[in-house]
Every structure is written in C-alpha cells, then in structure tokens.
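Pasting input.cif here (mmCIF, C-alpha atoms):
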```
data_input
loop_
_atom_site.group_PDB
_atom_site.id
_atom_site.type_symbol
_atom_site.label_atom_id
_atom_site.label_comp_id
_atom_site.auth_asym_id
_atom_site.auth_seq_id
_atom_site.Cartn_x
_atom_site.Cartn_y
_atom_site.Cartn_z
ATOM 1 C CA MET A 1 0.000 0.000 0.000
ATOM 2 C CA PHE A 2 2.582 2.514 1.181
ATOM 3 C CA LYS A 3 4.892 1.362 -1.587
ATOM 4 C CA ASN A 4 2.167 2.089 -4.117
ATOM 5 C CA ALA A 5 1.699 5.527 -2.622
ATOM 6 C CA ILE A 6 5.400 6.293 -3.052
ATOM 7 C CA ALA A 7 5.336 4.891 -6.576
ATOM 8 C CA LYS A 8 2.321 7.052 -7.384
ATOM 9 C CA PHE A 9 4.046 10.071 -5.912
ATOM 10 C CA ALA A 10 7.166 9.325 -7.959
ATOM 11 C CA ALA A 11 5.051 8.975 -11.071
ATOM 12 C CA SER A 12 3.112 12.171 -10.480
ATOM 13 C CA LEU A 13 6.124 14.492 -10.445
ATOM 14 C CA PRO A 14 7.337 15.853 -13.753
ATOM 15 C CA ALA A 15 10.267 13.906 -15.151
ATOM 16 C CA PRO A 16 12.601 14.474 -18.089
ATOM 17 C CA GLU A 17 11.575 12.594 -21.175
ATOM 18 C CA VAL A 18 13.408 9.667 -22.703
ATOM 19 C CA SER A 19 12.404 9.033 -26.236
ATOM 20 C CA ALA A 20 11.084 5.719 -27.475
ATOM 21 C CA HIS A 21 9.655 7.320 -30.563
ATOM 22 C CA CYS A 22 8.952 5.499 -33.738
ATOM 23 C CA ASP A 23 10.535 7.919 -36.159
ATOM 24 C CA GLY A 24 13.569 10.051 -36.577
ATOM 25 C CA PRO A 25 13.537 13.348 -34.756
ATOM 26 C CA CYS A 26 13.449 15.569 -37.825
ATOM 27 C CA GLY A 27 9.652 15.462 -38.267
ATOM 28 C CA VAL A 28 9.953 16.419 -41.931
ATOM 29 C CA TYR A 29 7.252 14.717 -43.981
ATOM 30 C CA ASP A 30 6.032 15.519 -47.469
ATOM 31 C CA PRO A 31 4.009 13.380 -49.883
ATOM 32 C CA ALA A 32 6.130 14.942 -52.631
ATOM 33 C CA SER A 33 8.768 12.235 -52.162
ATOM 34 C CA ALA A 34 6.172 9.544 -52.952
ATOM 35 C CA ARG A 35 4.827 11.601 -55.862
ATOM 36 C CA ILE A 36 8.265 11.996 -57.470
ATOM 37 C CA ALA A 37 8.925 8.242 -57.275
ATOM 38 C CA ALA A 38 5.443 7.399 -58.597
ATOM 39 C CA GLU A 39 5.892 9.899 -61.375
ATOM 40 C CA ALA A 40 9.184 8.274 -62.353
ATOM 41 C CA ALA A 41 7.455 4.874 -62.398
ATOM 42 C CA LEU A 42 4.674 6.341 -64.575
ATOM 43 C CA SER A 43 7.243 7.810 -66.936
ATOM 44 C CA MET A 44 9.049 4.451 -67.217
ATOM 45 C CA THR A 45 5.722 2.725 -67.869
ATOM 46 C CA LYS A 46 5.019 5.133 -70.741
ATOM 47 C CA LYS A 47 8.513 4.681 -72.158
ATOM 48 C CA LEU A 48 8.193 0.902 -71.966
ATOM 49 C CA LEU A 49 4.886 0.998 -73.839
ATOM 50 C CA ASP A 50 6.365 3.295 -76.481
ATOM 51 C CA LEU A 51 9.464 1.159 -76.886
ATOM 52 C CA GLY A 52 7.548 -1.794 -78.269
ATOM 53 C CA ASP A 53 9.116 -5.157 -78.966
ATOM 54 C CA PRO A 54 12.920 -5.079 -78.722
ATOM 55 C CA SER A 55 14.575 -6.732 -81.686
ATOM 56 C CA ASP A 56 18.198 -5.782 -81.094
ATOM 57 C CA LEU A 57 20.506 -5.841 -78.112
ATOM 58 C CA ALA A 58 20.543 -2.064 -77.641
ATOM 59 C CA THR A 59 16.740 -1.886 -77.433
ATOM 60 C CA LEU A 60 16.643 -4.914 -75.156
ATOM 61 C CA ASN A 61 19.158 -3.196 -72.916
ATOM 62 C CA THR A 62 17.031 -0.035 -72.866
ATOM 63 C CA GLN A 63 13.952 -2.063 -72.037
ATOM 64 C CA ALA A 64 15.745 -3.814 -69.175
ATOM 65 C CA ARG A 65 16.862 -0.459 -67.797
ATOM 66 C CA TYR A 66 13.332 0.960 -67.978
ATOM 67 C CA ILE A 67 11.988 -2.085 -66.156
ATOM 68 C CA ALA A 68 14.653 -1.894 -63.457
ATOM 69 C CA ILE A 69 13.985 1.815 -62.861
ATOM 70 C CA LYS A 70 10.208 1.340 -62.892
ATOM 71 C CA GLU A 71 10.420 -1.394 -60.258
ATOM 72 C CA GLU A 72 12.856 0.568 -58.124
ATOM 73 C CA GLN A 73 10.826 3.788 -58.214
ATOM 74 C CA ALA A 74 7.508 2.001 -57.558
ATOM 75 C CA HIS A 75 9.083 0.420 -54.522
ATOM 76 C CA ILE A 76 10.412 3.779 -53.314
ATOM 77 C CA ALA A 77 6.914 5.239 -53.730
ATOM 78 C CA LYS A 78 5.524 2.442 -51.583
ATOM 79 C CA THR A 79 8.141 2.956 -48.872
ATOM 80 C CA GLU A 80 7.514 6.713 -48.822
ATOM 81 C CA LEU A 81 3.764 6.155 -48.539
ATOM 82 C CA LEU A 82 4.190 3.651 -45.711
ATOM 83 C CA VAL A 83 6.405 6.072 -43.797
ATOM 84 C CA LEU A 84 3.781 8.802 -44.137
ATOM 85 C CA TRP A 85 1.019 6.424 -43.140
ATOM 86 C CA THR A 86 2.690 4.864 -40.117
ATOM 87 C CA ASP A 87 4.804 7.759 -38.873
ATOM 88 C CA TYR A 88 3.088 10.997 -39.766
ATOM 89 C CA PHE A 89 -0.610 10.182 -39.523
ATOM 90 C CA LYS A 90 -1.980 9.862 -35.994
ATOM 91 C CA PRO A 91 -5.308 8.658 -34.542
ATOM 92 C CA PRO A 92 -6.907 12.157 -34.570
ATOM 93 C CA HIS A 93 -6.313 12.339 -38.329
ATOM 94 C CA LEU A 94 -8.117 9.052 -38.723
ATOM 95 C CA GLU A 95 -11.134 10.429 -36.914
ATOM 96 C CA LYS A 96 -11.315 13.217 -39.434
ATOM 97 C CA TYR A 97 -10.543 10.971 -42.419
ATOM 98 C CA PRO A 98 -12.078 7.586 -41.575
ATOM 99 C CA ASP A 99 -11.091 6.123 -44.950
ATOM 100 C CA LEU A 100 -7.424 7.044 -44.479
ATOM 101 C CA HIS A 101 -6.295 3.442 -43.882
ATOM 102 C CA ASP A 102 -8.191 2.308 -46.944
ATOM 103 C CA LYS A 103 -6.624 5.026 -49.083
ATOM 104 C CA PHE A 104 -3.088 4.181 -47.994
ATOM 105 C CA TRP A 105 -3.677 0.467 -48.296
ATOM 106 C CA LYS A 106 -4.970 0.863 -51.840
ATOM 107 C CA ALA A 107 -2.188 3.290 -52.778
ATOM 108 C CA ALA A 108 0.432 0.846 -51.467
ATOM 109 C CA LYS A 109 -1.231 -1.962 -53.425
ATOM 110 C CA LEU A 110 -1.116 0.222 -56.548
ATOM 111 C CA CYS A 111 2.623 0.676 -56.048
ATOM 112 C CA SER A 112 2.982 -3.113 -56.190
ATOM 113 C CA GLU A 113 0.823 -3.284 -59.316
ATOM 114 C CA VAL A 114 2.880 -0.583 -61.028
ATOM 115 C CA LYS A 115 6.040 -2.390 -59.996
ATOM 116 C CA VAL A 116 4.965 -5.800 -61.275
ATOM 117 C CA HIS A 117 3.065 -4.845 -64.437
ATOM 118 C CA VAL A 118 3.400 -2.378 -67.288
ATOM 119 C CA SER A 119 0.059 -0.678 -66.875
ATOM 120 C CA LEU A 120 -0.525 2.931 -67.784
ATOM 121 C CA GLU A 121 -3.929 2.783 -66.125
ATOM 122 C CA GLN A 122 -2.536 1.650 -62.783
ATOM 123 C CA ALA A 123 0.383 4.074 -62.896
ATOM 124 C CA GLN A 124 -2.113 6.895 -63.422
ATOM 125 C CA ALA A 125 -4.351 5.526 -60.664
ATOM 126 C CA LEU A 126 -1.337 5.621 -58.335
ATOM 127 C CA MET A 127 -0.711 9.271 -59.205
ATOM 128 C CA ALA A 128 -4.364 10.049 -58.466
ATOM 129 C CA ALA A 129 -4.141 8.217 -55.131
ATOM 130 C CA ILE A 130 -1.045 10.225 -54.200
ATOM 131 C CA GLU A 131 -2.769 13.475 -55.172
ATOM 132 C CA ASP A 132 -5.599 12.504 -52.849
ATOM 133 C CA ILE A 133 -3.105 11.816 -50.033
ATOM 134 C CA HIS A 134 -1.320 15.094 -50.804
ATOM 135 C CA ASN A 135 -4.602 16.968 -50.278
ATOM 136 C CA ILE A 136 -5.359 15.193 -47.005
ATOM 137 C CA PHE A 137 -1.795 15.598 -45.748
ATOM 138 C CA TRP A 138 -1.676 19.357 -46.266
ATOM 139 C CA ALA A 139 -5.218 19.773 -44.922
ATOM 140 C CA THR A 140 -4.096 18.143 -41.640
ATOM 141 C CA LYS A 141 -1.342 20.740 -41.465
ATOM 142 C CA GLY A 142 -3.812 23.530 -42.172
ATOM 143 C CA ARG A 143 -1.872 24.585 -45.223
ATOM 144 C CA ASP A 144 -2.980 25.136 -48.768
ATOM 145 C CA VAL A 145 -0.275 23.480 -50.852
ATOM 146 C CA LYS A 146 -1.164 23.074 -54.478
ATOM 147 C CA TYR A 147 -0.544 19.657 -56.016
ATOM 148 C CA TYR A 148 1.767 19.635 -59.001
ATOM 149 C CA THR A 149 3.776 17.194 -61.062
ATOM 150 C CA ALA A 150 7.218 17.577 -62.518
ATOM 151 C CA SER A 151 6.317 16.482 -66.013
ATOM 152 C CA MET B 1 35.518 -11.536 -33.291
ATOM 153 C CA SER B 2 33.590 -11.882 -30.098
ATOM 154 C CA VAL B 3 30.297 -10.062 -29.824
ATOM 155 C CA GLN B 4 27.946 -10.786 -26.969
ATOM 156 C CA PHE B 5 24.339 -11.021 -27.997
ATOM 157 C CA HIS B 6 21.164 -10.991 -26.059
ATOM 158 C CA SER B 7 18.157 -12.728 -27.448
ATOM 159 C CA ASP B 8 16.075 -13.373 -24.328
ATOM 160 C CA LYS B 9 12.714 -11.845 -23.739
ATOM 161 C CA PRO B 10 13.131 -8.192 -22.705
ATOM 162 C CA GLU B 11 12.535 -7.623 -19.025
ATOM 163 C CA ILE B 12 12.436 -4.823 -16.505
ATOM 164 C CA ALA B 13 11.367 -5.147 -12.884
ATOM 165 C CA ASP B 14 8.547 -3.218 -11.299
ATOM 166 C CA ALA B 15 9.590 -0.755 -8.605
ATOM 167 C CA THR B 16 10.594 -2.376 -5.319
ATOM 168 C CA TRP B 17 10.941 -0.811 -1.867
ATOM 169 C CA ARG B 18 14.682 -0.785 -2.344
ATOM 170 C CA GLU B 19 14.453 1.111 -5.635
ATOM 171 C CA LEU B 20 12.006 3.642 -4.214
ATOM 172 C CA PHE B 21 14.302 4.260 -1.231
ATOM 173 C CA LEU B 22 17.238 4.676 -3.585
ATOM 174 C CA TRP B 23 15.166 7.254 -5.469
ATOM 175 C CA LEU B 24 14.288 9.076 -2.235
ATOM 176 C CA PHE B 25 18.002 9.184 -1.447
ATOM 177 C CA ARG B 26 18.818 10.464 -4.918
ATOM 178 C CA ARG B 27 20.523 7.329 -6.124
ATOM 179 C CA ARG B 28 17.940 6.896 -8.871
ATOM 180 C CA HIS B 29 16.670 9.429 -11.396
ATOM 181 C CA ARG B 30 13.225 9.418 -12.917
ATOM 182 C CA PHE B 31 12.573 9.539 -16.649
ATOM 183 C CA ARG B 32 9.288 9.424 -18.450
ATOM 184 C CA VAL B 33 8.899 7.261 -21.537
ATOM 185 C CA ALA B 34 7.542 8.918 -24.678
ATOM 186 C CA GLY B 35 6.630 6.856 -27.742
ATOM 187 C CA ASN B 36 5.925 3.243 -28.576
ATOM 188 C CA SER B 37 9.270 1.773 -29.502
ATOM 189 C CA MET B 38 9.694 -0.010 -26.157
ATOM 190 C CA ALA B 39 6.158 -1.387 -26.032
ATOM 191 C CA PRO B 40 4.931 -3.695 -24.588
ATOM 192 C CA LEU B 41 7.768 -3.584 -22.037
ATOM 193 C CA LEU B 42 7.404 0.167 -21.478
ATOM 194 C CA GLN B 43 4.312 2.076 -22.467
ATOM 195 C CA PRO B 44 4.236 5.778 -23.307
ATOM 196 C CA GLY B 45 3.875 7.687 -20.034
ATOM 197 C CA ASP B 46 5.523 5.002 -17.912
ATOM 198 C CA LEU B 47 8.219 6.133 -15.553
ATOM 199 C CA VAL B 48 11.601 4.466 -15.215
ATOM 200 C CA LEU B 49 14.114 4.832 -12.421
ATOM 201 C CA VAL B 50 17.638 5.139 -13.760
ATOM 202 C CA ASN B 51 20.893 4.406 -12.010
ATOM 203 C CA ARG B 52 23.317 6.907 -13.471
ATOM 204 C CA ALA B 53 26.249 5.356 -11.624
ATOM 205 C CA ALA B 54 25.613 1.868 -13.001
ATOM 206 C CA TYR B 55 28.285 2.032 -15.674
ATOM 207 C CA ARG B 56 30.993 3.921 -13.841
ATOM 208 C CA ARG B 57 32.733 0.712 -12.875
ATOM 209 C CA ALA B 58 30.980 -1.977 -14.899
ATOM 210 C CA ALA B 59 30.220 -2.080 -18.606
ATOM 211 C CA PRO B 60 26.675 -2.314 -19.949
ATOM 212 C CA GLN B 61 25.500 -5.867 -20.481
ATOM 213 C CA PRO B 62 23.343 -7.250 -23.279
ATOM 214 C CA GLY B 63 19.750 -7.164 -22.129
ATOM 215 C CA ASP B 64 20.139 -4.001 -20.030
ATOM 216 C CA ILE B 65 17.537 -1.297 -20.579
ATOM 217 C CA VAL B 66 19.529 1.923 -20.859
ATOM 218 C CA VAL B 67 19.096 5.640 -21.276
ATOM 219 C CA ALA B 68 21.492 6.950 -23.924
ATOM 220 C CA ARG B 69 22.151 10.138 -25.820
ATOM 221 C CA ASP B 70 20.917 10.115 -29.383
ATOM 222 C CA PRO B 71 24.179 10.188 -31.391
ATOM 223 C CA ARG B 72 22.426 12.267 -34.064
ATOM 224 C CA GLN B 73 21.056 14.815 -31.637
ATOM 225 C CA PRO B 74 22.938 14.827 -28.325
ATOM 226 C CA ASP B 75 20.342 16.775 -26.346
ATOM 227 C CA ARG B 76 17.788 14.056 -27.035
ATOM 228 C CA MET B 77 17.736 11.064 -24.748
ATOM 229 C CA LEU B 78 16.658 7.620 -25.870
ATOM 230 C CA ILE B 79 15.582 4.560 -23.983
ATOM 231 C CA LYS B 80 16.662 1.328 -25.640
ATOM 232 C CA ARG B 81 17.743 -2.194 -24.901
ATOM 233 C CA VAL B 82 21.383 -3.233 -25.231
ATOM 234 C CA ASP B 83 21.381 -5.928 -27.868
ATOM 235 C CA ALA B 84 25.088 -6.547 -28.148
ATOM 236 C CA ILE B 85 28.411 -5.201 -26.958
ATOM 237 C CA MET B 86 30.790 -4.731 -29.832
ATOM 238 C CA GLN B 87 34.432 -5.729 -29.594
ATOM 239 C CA ASP B 88 35.456 -2.088 -29.257
ATOM 240 C CA GLY B 89 33.063 -1.608 -26.312
ATOM 241 C CA ARG B 90 30.351 0.297 -28.169
ATOM 242 C CA CYS B 91 26.768 -0.720 -27.511
ATOM 243 C CA PHE B 92 24.342 -1.885 -30.177
ATOM 244 C CA LEU B 93 20.974 -0.592 -28.985
ATOM 245 C CA LEU B 94 17.640 -1.892 -30.230
ATOM 246 C CA SER B 95 14.017 -1.031 -29.653
ATOM 247 C CA VAL B 96 11.855 -3.688 -28.037
ATOM 248 C CA ASN B 97 9.307 -3.070 -30.764
ATOM 249 C CA PRO B 98 11.454 -3.229 -33.900
ATOM 250 C CA THR B 99 8.775 -1.945 -36.266
ATOM 251 C CA GLN B 100 8.400 1.248 -34.261
ATOM 252 C CA GLY B 101 11.842 2.403 -33.445
ATOM 253 C CA THR B 102 14.905 4.179 -34.649
ATOM 254 C CA ASP B 103 17.917 2.560 -33.066
ATOM 255 C CA SER B 104 21.398 1.224 -33.826
ATOM 256 C CA ARG B 105 20.011 -0.255 -37.027
ATOM 257 C CA THR B 106 19.789 3.355 -38.192
ATOM 258 C CA PHE B 107 22.492 5.212 -36.308
ATOM 259 C CA GLY B 108 24.986 2.437 -35.586
ATOM 260 C CA ALA B 109 26.509 1.292 -32.325
ATOM 261 C CA VAL B 110 26.708 3.953 -29.625
ATOM 262 C CA PRO B 111 29.907 4.838 -27.730
ATOM 263 C CA VAL B 112 29.704 3.803 -24.113
ATOM 264 C CA ASP B 113 30.064 7.415 -22.875
ATOM 265 C CA HIS B 114 26.704 8.145 -24.551
ATOM 266 C CA VAL B 115 25.049 5.593 -22.275
ATOM 267 C CA LEU B 116 23.898 7.671 -19.313
ATOM 268 C CA GLY B 117 22.594 4.970 -17.053
ATOM 269 C CA LYS B 118 20.704 1.794 -16.528
ATOM 270 C CA ALA B 119 16.943 1.690 -16.096
ATOM 271 C CA THR B 120 16.530 -0.408 -12.980
ATOM 272 C CA CYS B 121 12.755 -0.532 -12.730
ATOM 273 C CA ARG B 122 9.544 0.857 -14.118
ATOM 274 C CA ILE B 123 6.546 2.531 -12.560
ATOM 275 C CA HIS B 124 3.387 2.198 -14.604
ATOM 276 C CA SER B 125 1.612 5.410 -15.417
ATOM 277 C CA THR B 126 -1.800 4.056 -14.473
#
```
Will you turn the file into structure tokens for me?
Amino acid sequence: MFKNAIAKFAASLPAPEVSAHCDGPCGVYDPASARIAAEAALSMTKKLLDLGDPSDLATLNTQARYIAIKEEQAHIAKTELLVLWTDYFKPPHLEKYPDLHDKFWKAAKLCSEVKVHVSLEQAQALMAAIEDIHNIFWATKGRDVKYYTAS
Amino acid sequence: MSVQFHSDKPEIADATWRELFLWLFRRRHRFRVAGNSMAPLLQPGDLVLVNRAAYRRAAPQPGDIVVARDPRQPDRMLIKRVDAIMQDGRCFLLSVNPTQGTDSRTFGAVPVDHVLGKATCRIHST
C-alpha cells in the first residue's frame, strides 16, 4: 500500500523525457517524395509501352533499364507512402478521415501493381491516389499546398 | 571476433521498496517514456528509475535497458535495450518493438560514454 503511494508520488512528479519514438527526430514529412517516385514509375511505364518489342541488343538493354527503374521507383513510392502512413498520420487524423487506412492500403497496393506490371492505367491511378493523399496531408497541417507534377 | 548477444525476452522489474528508497536518497533518477518503440515492455507515459552510476565501474550488459544520448542529436535522450556489446566496447541498442523504433540499425553502435545509465525498474503510469 505505502509502496504504491510512493510509486504514485514518484510517477506524479514531472520527469525528463526519454524518447522511445517510432521515427527520426526531424519530423519532416512531405508526400512529394512519394509523388516523385510514382511519377518516375509512370514515366518508365510510358517509355516501356512506347518502346515496343525489342529486336536488337541495344533496345533490349534499354527495355531492361526501364523495367529496373520502374520497379525501383515504384518500390520507393511504396516505402515513402508507408512512412507517411505509419509515422506521420496519428489517430486524430483518422477520426477526421475515416477512410485514411483504406486510401493508404490501396495506394500501397497500386505501387505493387505498377512495380509488377506495365500498366498505364494503374500508374495513373497511383498518381491520383497520391494526389488525394497530398490533399489530405496538407489539410491536416492547415496549409494550402497546391498539387503539381514535374512532367 | 567476439560479440555478446542478447536474445532473451526483454525484461524490466517493477519498482521495489529498495528502488524507491534509492530514489528518495537520490541514487535513482526518474525519466518518463515517450513513444511506442519499447512497447509492450514500457508504455508511453511510464516512468523508469535510472541508475546513473551503473556504468561507472561496470560495462553495460546485453539485455540491459539503458538511457542513452541520441548520437544524431545529443540533447535528445533515448531509452533502448542493449542488444550486443561490440568488440570495441560500443553498444548496439535496439528497440523492443522493432517496427516502431529508430535505433542502432539506423544510427549504428553507440559509444559507451553516450550511455547515461541503466533503467533499474519501471513505474506504470496508471
């Protein structure tokens, strides 16, 4: 009993904080990093479709490079989205945007689709999903940041 | 190469009479846990008592829960678990909850002078 009272007293006084936080201390988040990667994957998808059937070594080499970059960038987009989802967004945001989990889940799935396939439709759907996340992200910060793309 | 590892289940004792007396006599310092990286062992808001003299004579041991300076930002203090002691004496610190922590996987092993003390017990916030 008395021990509990002392423990409660010890717990009630202010104490310096030790961090067991889940992210780095910089606190810098921006959906732009996901958008740039997704845009690169979209660009590679377009280039792959335009390239057509490779008949010589040089074209085959170009195709292989496009594929490698598309897969790499789609994966980066997924990682960037997951970091935003798990590190930036907090329970109060979810209250305001109840479909947030669904949006991120679908966007992450789209990254996989863009990575695995050569689909213009899915690459564009991923860009749309990221635009949606961009709008939610900046709304939670109370800032009006216009969405744009590099290309 | 000899590196000591610790793979047992993470543990920290609840506050005992002895620890509370040591706190009353200023042999323990209180720190409050913020964040989820040590869950379920330590929950956000929990208090730990820290023995700042623990490593003056002895070296940290794998399995110890320690308070250490963040090597990237020295005014920030971290609470982590010692996973391994490297051959050069530096400590490899890990979060209990590996999906929710930045630790030596990110910033590398930490020099022993960054380790400020050993968490000897916890006091739950509720």
For chain B, which residue among A:Ala41, A:Ala32, A:Leu82, A:Leu48 is the nearest when counting all atoms listed in the file?
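Going through A:Ala41, A:Ala32, A:Leu82, A:Leu48 one by one, the smallest distance to chain B is for A:Leu82.
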Within 12 Å of (26.8, 7.9, -9.9), all atoms listed in the file: residues as a count of residues only?
17
Pull the closest atom pair for each residue of chain B that gets at most 7 Å from chain A, along with the distance in Å to one decimal, counting only C-alpha atoms, ordering rows by chain and then ascending residue number, as CSV.
```
residue,atom,partner,partner_atom,distance
B:Trp17,CA,A:Lys3,CA,6.4
B:Arg30,CA,A:Ala15,CA,5.8
B:Phe31,CA,A:Pro16,CA,5.1
B:Arg32,CA,A:Glu17,CA,4.8
B:Val33,CA,A:Val18,CA,5.2
B:Ala34,CA,A:Ser19,CA,5.1
B:Gly35,CA,A:His21,CA,4.2
B:Asn36,CA,A:Ala20,CA,5.8
B:Ser37,CA,A:Ala20,CA,4.8
B:Met38,CA,A:Ala20,CA,6.0
B:Leu47,CA,A:Ala11,CA,6.2
B:Met77,CA,A:Val18,CA,5.0
B:Leu78,CA,A:Ser19,CA,4.5
B:Ile79,CA,A:Val18,CA,5.7
B:Gln100,CA,A:Cys22,CA,4.3
B:Gly101,CA,A:Cys22,CA,4.2
B:Thr102,CA,A:Asp23,CA,5.9
B:Ile123,CA,A:Ala7,CA,6.5
B:Ser125,CA,A:Ala11,CA,6.6
```
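Of the listed residues (B:Val67, B:Ala119, B:Leu20, B:Ala39), B:Ala39 comes nearest to Val96 of chain B; the distances count only C-alpha atoms.
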Do a neighbour search on Leu110 of chain A at 10 Å with only C-alpha atoms, toss out local chain neighbours closer than 3 positions, and write the hits as a compact mmCIF listing (two decimals) with C-alpha atoms, keeping the file's coordinate frame.
```
# COMPACT_ATOMS: atom_id res chain seq x y z
CA ALA A 38 5.44 7.40 -58.60
CA ALA A 74 7.51 2.00 -57.56
CA ALA A 77 6.91 5.24 -53.73
CA LYS A 78 5.52 2.44 -51.58
CA PHE A 104 -3.09 4.18 -47.99
CA TRP A 105 -3.68 0.47 -48.30
CA LYS A 106 -4.97 0.86 -51.84
CA ALA A 107 -2.19 3.29 -52.78
CA GLU A 113 0.82 -3.28 -59.32
CA VAL A 114 2.88 -0.58 -61.03
CA LYS A 115 6.04 -2.39 -60.00
CA VAL A 116 4.96 -5.80 -61.28
CA GLN A 122 -2.54 1.65 -62.78
CA ALA A 123 0.38 4.07 -62.90
CA GLN A 124 -2.11 6.90 -63.42
CA ALA A 125 -4.35 5.53 -60.66
CA LEU A 126 -1.34 5.62 -58.34
CA MET A 127 -0.71 9.27 -59.20
CA ALA A 129 -4.14 8.22 -55.13
```
Mind pulling up the distance from atom CA of His101 of chain A to atom CA of Gly142 of chain A?
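Atom CA of His101 of chain A lies at a distance of 20.3 Å from atom CA of Gly142 of chain A.
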Applying 8 Å and all atoms listed in the file, which residues near Glu80 of chain A remain after dropping the ones on its own chain fewer than 5 positions away? List them as a PyMOL selection string.
chain A and resi 31+33-34
Please put the answer as lines of an AutoDock Vina configuration file: centre and edge lengths, in Å with one decimal, of a box along x, y and z that encloses all listed atoms of segment 81-93 of chain B plus 8 Å on each side.
```
center_x = 26.6
center_y = -3.1
center_z = -27.5
size_x = 33.7
size_y = 22.8
size_z = 21.3
```
Given the PyMOL selection byres ((chain B and resi 65) around 7) and the file above, list the residues it selects as a PyMOL selection string.
chain B and resi 63-64+66+80-82+118-119
Leaving out segment 8-12 of chain B and any residue of its chain fewer than 5 positions from it, which residues lie within 7 Å of it when counting all atoms listed in the file, given as a count of residues only?
5
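Of note, atom CA of Ala109 of chain B and atom CA of Arg69 of chain B are spaced 11.8 Å apart.
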When the PyMOL selection byres ((chain B and resi 92) around 9) is applied to the structure above, which residues does it catch, written out as JSON, numbers by chain?
{"B": [62, 81, 82, 83, 84, 85, 86, 90, 91, 93, 94, 103, 104, 105, 108, 109, 110]}
Check what the PyMOL selection byres ((chain A and resi 131-135) around 10) selects in the file above and give those residues as an MDAnalysis selection string.
chainID A and resid 30:32 34:35 81 84:85 100 103:104 107 125:130 136:140 143:149
Quick one, how far is atom CA of Lys70 of chain A from atom CA of Asp56 of chain A?
21.1 Å
Restricting the calculation to all atoms listed in the file: of A:Val83, A:Leu94, A:Leu49, A:Cys111, which residue gets closest to Ile67 of chain A?
A:Leu49
